[in-house]
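Below: one structure, written as structure tokens.
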Amino acid sequence: MKLVTFTENGSTRIGVVAGDEVIDLARAAPDLPREMVAFLAAGPAAIDAARRARGSALPLSSVRLRAPVLRPPKFLAIGLNYADHIAETGAKPPEVPIFFNKQSTCVVGPSDPFHMPRASNVLDYEAELAVVIGTRCRHVPADQAHRVIAGFTICNDVSVRDWQFRSPTMMMGKGFDTHGPLGPWIVTPDEIGDPHELAIRCYVNGEKRQDTNTKHMIFDCFQQIAHLTTAFTLEAGDVISTGTSSGVGIAMKPPRLLQIGDVVRIEIEKIGHIENAVVAEPETRSP
């Protein structure tokens with residue numbers, strides 16, 4: 001099942017993709033929550049009701065797909081989780097998973113633009129598989145972690161490299177507004193099968209930059225969940241971005257960083273693709 005958040009006629013709600021249509025759950029199953037985090041928190045009964053929903057279908061072409069989780073309660077990402085990416089950066093392989101926070105305000109949808117920030121032009125892409133948590137959980141053993149996953153989506157862990165490298169933590173360079181494209185939907189685990197056998201590719205203006213498979217993760221999805229829940233509770237709607245492979249722009253010689261007007265397309269097997277253009281950060285200020 002593919003779960004989406006979409007906007008149609010000024011109203012944002014959730015649905016299930018069926019072919020080239022989306023079943024509008026607000027009409028087909030009106031007792032269900034209309035927002036993704038609340039829907040996931042409602043548990044297996046809500047998932048089952050969504051599977052059974054019929055009718056009230058809209059053409060996908062008539063709606064705007066949003067990030068499947070508009071504002072994740074937590075947006076976590078792992079660094080240095082593919083050996084080839086570690087090699088291209090010259091870093092040492094980590095002994096334990098290295099996590100950082102991306103801010104929930106960085107989330108944009110699968111076709112929304114993201115900003116070249118006014119503060120920097122050292123902008124880069126990272127194609128990643130993201131896990132969406134479906135169950136509030138703590139102290140989850142790795143061999144049980146599959147039970148707490150609602151599904152999988154695509155993430156571009158957009159990175160402002162100079163801000164990332166100037167601090168002992170990566171938070172500032174990873175959390176700029178718009179620097180977390182997600183989508184196009186959450187694919188439930190029954191459609192994914194083994195999440196560690198998925199091809200991932202990234203293209204910039206049609207040129208392939210990254211080409212890997214999730215089998216090359218150092219710490220797999222389940223180990224990541226076990227590690228995080230040792231320290232704190234994960235909740236329905238939390239997003240975990242699981243790392244990127246070699247081929248990032250900053251590591252090329254010379255570096256090939258993103259420019260305004262570039263289009264980044266990320267494809268993951270069994271999920272689909274997101275495609276986002278780089279635009280100048282608008283001239284906005286706080287009141």
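Numbering starts fresh at 1 for the residues of each chain in the structure tokens, the chains themselves are lettered A, B, ... in the order given, and ligands are numbered from 1 as they appear.
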
Tell me, counting only C-alpha atoms, for each residue of stretch 14-127 of chain A within 8 Å of stretch 167-171 of chain A, which pair of atoms is nearest and how far apart they are in Å to one decimal, in rows ordered by chain and increasing number, as a tab-separated table.
residue	atom	partner	partner_atom	distance
A:Phe100	CA	A:Met171	CA	6.0
A:Asn101	CA	A:Met171	CA	5.8
A:Lys102	CA	A:Met171	CA	6.4

* To do: Extract, using only C-alpha atoms, all DNA, RNA and protein residues at most 10 Å from stretch 248-254 of chain A, discarding same-chain residues fewer than 5 positions from it, and format them as a list of chain:residue names.
  =>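 So, after excluding close chain neighbours, the residues are A:His85, A:Ala87, A:Glu88, A:Thr89, A:Gly90, A:Val122, A:Leu123, A:Asp124, A:Tyr125, A:Glu126, A:Ala127, A:Ser159, A:Arg161, A:Cys202, A:Val204, A:Arg209, A:Gln210.
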
Please, could you write that set of residues out with N, CA and C atoms as a short mmCIF file (atom, residue, chain, number, x, y, z; two decimals), in the first residue's frame?
data_model
loop_
_atom_site.label_atom_id
_atom_site.label_comp_id
_atom_site.auth_asym_id
_atom_site.auth_seq_id
_atom_site.Cartn_x
_atom_site.Cartn_y
_atom_site.Cartn_z
N HIS A 85 31.09 5.78 0.53
CA HIS A 85 31.00 7.19 0.90
C HIS A 85 32.05 7.55 1.94
N ALA A 87 34.94 6.15 2.17
CA ALA A 87 36.21 6.19 1.45
C ALA A 87 36.39 7.50 0.70
N GLU A 88 35.31 8.00 0.07
CA GLU A 88 35.46 9.23 -0.71
C GLU A 88 35.64 10.46 0.18
N THR A 89 35.18 10.37 1.43
CA THR A 89 35.35 11.50 2.35
C THR A 89 36.68 11.46 3.09
N GLY A 90 37.32 10.29 3.10
CA GLY A 90 38.56 10.14 3.85
C GLY A 90 38.37 9.96 5.33
N VAL A 122 27.47 26.37 -0.94
CA VAL A 122 28.15 25.08 -0.91
C VAL A 122 27.07 24.01 -0.67
N LEU A 123 26.24 23.78 -1.68
CA LEU A 123 25.02 23.00 -1.55
C LEU A 123 25.19 21.65 -2.24
N ASP A 124 24.75 20.59 -1.57
CA ASP A 124 24.98 19.23 -2.06
C ASP A 124 23.73 18.38 -1.86
N TYR A 125 23.71 17.24 -2.53
CA TYR A 125 22.61 16.28 -2.50
C TYR A 125 23.09 14.99 -1.81
N GLU A 126 22.15 14.22 -1.27
CA GLU A 126 22.43 12.88 -0.75
C GLU A 126 21.17 12.04 -0.91
N ALA A 127 21.23 11.03 -1.76
CA ALA A 127 20.09 10.15 -2.00
C ALA A 127 20.01 9.09 -0.90
N SER A 159 22.45 19.10 1.92
CA SER A 159 23.49 19.46 2.88
C SER A 159 24.20 20.74 2.47
N ARG A 161 27.46 22.21 2.94
CA ARG A 161 28.69 21.56 3.39
C ARG A 161 29.57 22.44 4.26
N CYS A 202 20.75 8.52 -8.03
CA CYS A 202 20.55 9.97 -7.98
C CYS A 202 21.07 10.58 -9.27
N VAL A 204 21.54 14.40 -11.38
CA VAL A 204 21.52 15.86 -11.38
C VAL A 204 21.46 16.31 -12.84
N ARG A 209 24.70 10.49 -10.74
CA ARG A 209 25.76 10.83 -9.78
C ARG A 209 25.95 9.73 -8.73
N GLN A 210 24.85 9.10 -8.29
CA GLN A 210 24.93 8.05 -7.27
C GLN A 210 24.20 6.81 -7.78
#

Per-residue nearest contacts stretch 46-119 of chain A to stretch 227-245 of chain A, cut-off 9 Å, using only C-alpha atoms, as a tab-separated table:
residue	atom	partner	partner_atom	distance
A:Val69	CA	A:Gly237	CA	6.5
A:Arg71	CA	A:Gly237	CA	8.3
A:Pro72	CA	A:Asp238	CA	5.2
A:Pro73	CA	A:Asp238	CA	5.4
A:Lys74	CA	A:Asp238	CA	4.8
A:Phe75	CA	A:Val239	CA	4.8
A:Leu76	CA	A:Ile240	CA	4.8
A:Ala77	CA	A:Ser241	CA	4.5
A:Ile78	CA	A:Gly243	CA	5.4
A:Gly79	CA	A:Gly243	CA	5.8
A:Leu80	CA	A:Gly243	CA	6.7
A:Asn81	CA	A:Gly243	CA	5.2
A:Tyr82	CA	A:Ser245	CA	5.3
A:Ala83	CA	A:Ser245	CA	7.6
A:Asp84	CA	A:Ser245	CA	6.2
A:His85	CA	A:Ser245	CA	4.9
A:Ile86	CA	A:Ser245	CA	8.3
A:Val96	CA	A:His227	CA	8.7
A:Pro97	CA	A:His227	CA	7.6
A:Phe99	CA	A:Leu228	CA	8.7

* **Spatial neighbours of A:Thr214, 8 Å, only C-alpha atoms, chain gap at least 2 places, as a list in words** => Leu129, Pro195, His196, Glu197, Leu198, Ala199, Ile200, Thr212, His216 and Met217 of chain A

Which polymer residues have any atom within 8 Å of an atom of A:Gly173, counting only C-alpha atoms, with same-chain residues fewer than 4 positions away left out, as a tab-separated table (two decimals) with N, CA and C atoms, in the first residue's frame?
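part-v6.tsv written:
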chain	number	residue	atom	x	y	z
A	159	SER	N	22.45	19.10	1.92
A	159	SER	CA	23.49	19.46	2.88
A	159	SER	C	24.20	20.74	2.47
A	160	VAL	N	24.35	21.64	3.43
A	160	VAL	CA	25.14	22.85	3.23
A	160	VAL	C	26.51	22.55	3.82
A	161	ARG	N	27.46	22.21	2.94
A	161	ARG	CA	28.69	21.56	3.39
A	161	ARG	C	29.57	22.44	4.26
A	162	ASP	N	29.69	23.72	3.97
A	162	ASP	CA	30.56	24.54	4.81
A	162	ASP	C	29.98	24.67	6.21
A	163	TRP	N	28.67	24.81	6.32
A	163	TRP	CA	28.04	24.85	7.63
A	163	TRP	C	28.14	23.49	8.33
A	164	GLN	N	28.07	22.43	7.58
A	164	GLN	CA	28.20	21.09	8.15
A	164	GLN	C	29.59	20.87	8.73
A	165	PHE	N	30.63	21.30	8.02
A	165	PHE	CA	32.00	20.96	8.40
A	165	PHE	C	32.59	21.89	9.45

Can I get the residues of stretch 94-135 of chain A within 12 Å of stretch 152-156 of chain A, each with the closest pair of atoms and their distance in Å to one decimal, using only C-alpha atoms, sorted chain first then ascending number, as a tab-separated table?
residue	atom	partner	partner_atom	distance
A:Lys102	CA	A:Asn156	CA	11.4
A:Cys106	CA	A:Asn156	CA	10.8
A:Val107	CA	A:Cys155	CA	9.5
A:Val108	CA	A:Cys155	CA	10.0
A:Gly109	CA	A:Cys155	CA	9.9
A:Pro110	CA	A:Ile154	CA	8.5
A:Ser111	CA	A:Asn156	CA	11.5
A:Asp112	CA	A:Asn156	CA	11.8
A:Pro113	CA	A:Asn156	CA	11.7
A:Phe114	CA	A:Asn156	CA	10.2
A:Asp124	CA	A:Asn156	CA	9.6
A:Tyr125	CA	A:Asn156	CA	6.3
A:Glu126	CA	A:Asn156	CA	5.3
A:Ala127	CA	A:Asn156	CA	5.1
A:Glu128	CA	A:Cys155	CA	5.2
A:Leu129	CA	A:Ile154	CA	5.1
A:Ala130	CA	A:Thr153	CA	5.2
A:Val131	CA	A:Phe152	CA	4.7
A:Val132	CA	A:Phe152	CA	5.8
A:Ile133	CA	A:Phe152	CA	8.9
A:Gly134	CA	A:Phe152	CA	10.6

* Asked: What does the distance from atom CA of A:Val37 to atom CA of A:Gly180 come to in Å, to one decimal?
  ->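 A separation of 17.3 Å between them.
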
* A:Ile98, A:Met172, A:Leu182, A:Val187 ranked by distance to A:Ala119, top pick (using only C-alpha atoms) ->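 Checking each candidate against A:Ala119, we get A:Met172 as the closest.
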
Mind checking which residues fall within 10 Å of A:Asp24, counting only C-alpha atoms, ignoring those fewer than 4 positions away in the same chain, and posting them as an mmCIF file with N, CA and C atoms, in the first residue's frame?
data_model
loop_
_atom_site.group_PDB
_atom_site.id
_atom_site.type_symbol
_atom_site.label_atom_id
_atom_site.label_comp_id
_atom_site.auth_asym_id
_atom_site.auth_seq_id
_atom_site.Cartn_x
_atom_site.Cartn_y
_atom_site.Cartn_z
ATOM 1 N N VAL A 4 -0.307 8.447 0.986
ATOM 2 C CA VAL A 4 0.102 9.780 0.557
ATOM 3 C C VAL A 4 -0.571 10.857 1.388
ATOM 4 N N THR A 5 0.103 12.001 1.433
ATOM 5 C CA THR A 5 -0.524 13.247 1.849
ATOM 6 C C THR A 5 -0.646 14.107 0.596
ATOM 7 N N PHE A 6 -1.818 14.660 0.362
ATOM 8 C CA PHE A 6 -2.036 15.420 -0.871
ATOM 9 C C PHE A 6 -2.909 16.631 -0.592
ATOM 10 N N GLU A 8 -5.816 19.076 -2.517
ATOM 11 C CA GLU A 8 -6.749 19.186 -3.630
ATOM 12 C C GLU A 8 -7.791 20.244 -3.276
ATOM 13 N N ARG A 13 -5.095 16.408 2.901
ATOM 14 C CA ARG A 13 -5.559 15.219 3.598
ATOM 15 C C ARG A 13 -4.738 14.019 3.132
ATOM 16 N N ILE A 14 -5.111 12.814 3.551
ATOM 17 C CA ILE A 14 -4.325 11.638 3.234
ATOM 18 C C ILE A 14 -5.125 10.686 2.344
ATOM 19 N N GLY A 15 -4.382 9.789 1.674
ATOM 20 C CA GLY A 15 -5.044 8.851 0.789
ATOM 21 C C GLY A 15 -4.179 7.642 0.512
ATOM 22 N N VAL A 16 -4.710 6.759 -0.320
ATOM 23 C CA VAL A 16 -4.033 5.548 -0.747
ATOM 24 C C VAL A 16 -3.940 5.571 -2.265
ATOM 25 N N VAL A 17 -2.738 5.372 -2.785
ATOM 26 C CA VAL A 17 -2.550 5.369 -4.232
ATOM 27 C C VAL A 17 -2.952 4.013 -4.788
ATOM 28 N N ALA A 28 -13.651 8.152 1.618
ATOM 29 C CA ALA A 28 -13.834 6.703 1.546
ATOM 30 C C ALA A 28 -13.843 6.056 2.932
ATOM 31 N N ALA A 29 -13.189 6.674 3.904
ATOM 32 C CA ALA A 29 -13.139 6.143 5.276
ATOM 33 C C ALA A 29 -13.162 7.327 6.235
ATOM 34 N N PRO A 30 -14.282 8.017 6.341
ATOM 35 C CA PRO A 30 -14.329 9.298 7.056
ATOM 36 C C PRO A 30 -14.047 9.213 8.547
ATOM 37 N N ARG A 34 -7.284 12.474 9.372
ATOM 38 C CA ARG A 34 -7.008 13.052 8.056
ATOM 39 C C ARG A 34 -5.578 13.561 7.933
ATOM 40 N N ALA A 50 -7.746 1.520 5.875
ATOM 41 C CA ALA A 50 -7.265 2.159 4.654
ATOM 42 C C ALA A 50 -7.114 1.144 3.520
ATOM 43 N N ALA A 53 -10.494 0.521 1.989
ATOM 44 C CA ALA A 53 -11.217 1.677 1.455
ATOM 45 C C ALA A 53 -11.367 1.583 -0.064
ATOM 46 N N ARG A 54 -12.546 1.902 -0.550
ATOM 47 C CA ARG A 54 -12.831 1.880 -1.976
ATOM 48 C C ARG A 54 -13.622 3.133 -2.345
ATOM 49 N N GLY A 55 -13.535 3.501 -3.620
ATOM 50 C CA GLY A 55 -14.294 4.649 -4.099
ATOM 51 C C GLY A 55 -13.632 5.966 -3.752
ATOM 52 N N SER A 56 -14.306 7.060 -4.085
ATOM 53 C CA SER A 56 -13.821 8.419 -3.806
ATOM 54 C C SER A 56 -12.403 8.617 -4.328
ATOM 55 N N ALA A 57 -12.151 8.124 -5.552
ATOM 56 C CA ALA A 57 -10.824 8.217 -6.142
ATOM 57 C C ALA A 57 -10.681 9.487 -6.963
ATOM 58 N N LEU A 58 -9.494 10.069 -6.882
ATOM 59 C CA LEU A 58 -9.146 11.255 -7.657
ATOM 60 C C LEU A 58 -7.970 10.922 -8.563
#

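Here the question is which of A:Asn205, A:Asp48, A:Asp211, A:Gly175 gets nearest to A:Ser246 using only C-alpha atoms, and that residue is A:Asp211.
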
* **Who sits within 10 Å of A:Asp143, only C-alpha atoms, same chain under 5 positions skipped, as number ranges by chain** => A: 222-223, 226

* From stretch 94-213 of chain A, collect each residue whose DSSP state is strand (DSSP E) and return the set as JSON, numbers by chain. => {"A": [98, 99, 100, 101, 102, 107, 108, 114, 115, 116, 123, 124, 127, 128, 129, 130, 131, 132, 133, 149, 150, 151, 152, 153, 154, 155, 156, 159, 160, 180, 181, 182, 183, 184, 185, 186, 187, 199, 200, 201, 202, 203, 204, 207, 208, 209, 210, 211, 212, 213]}
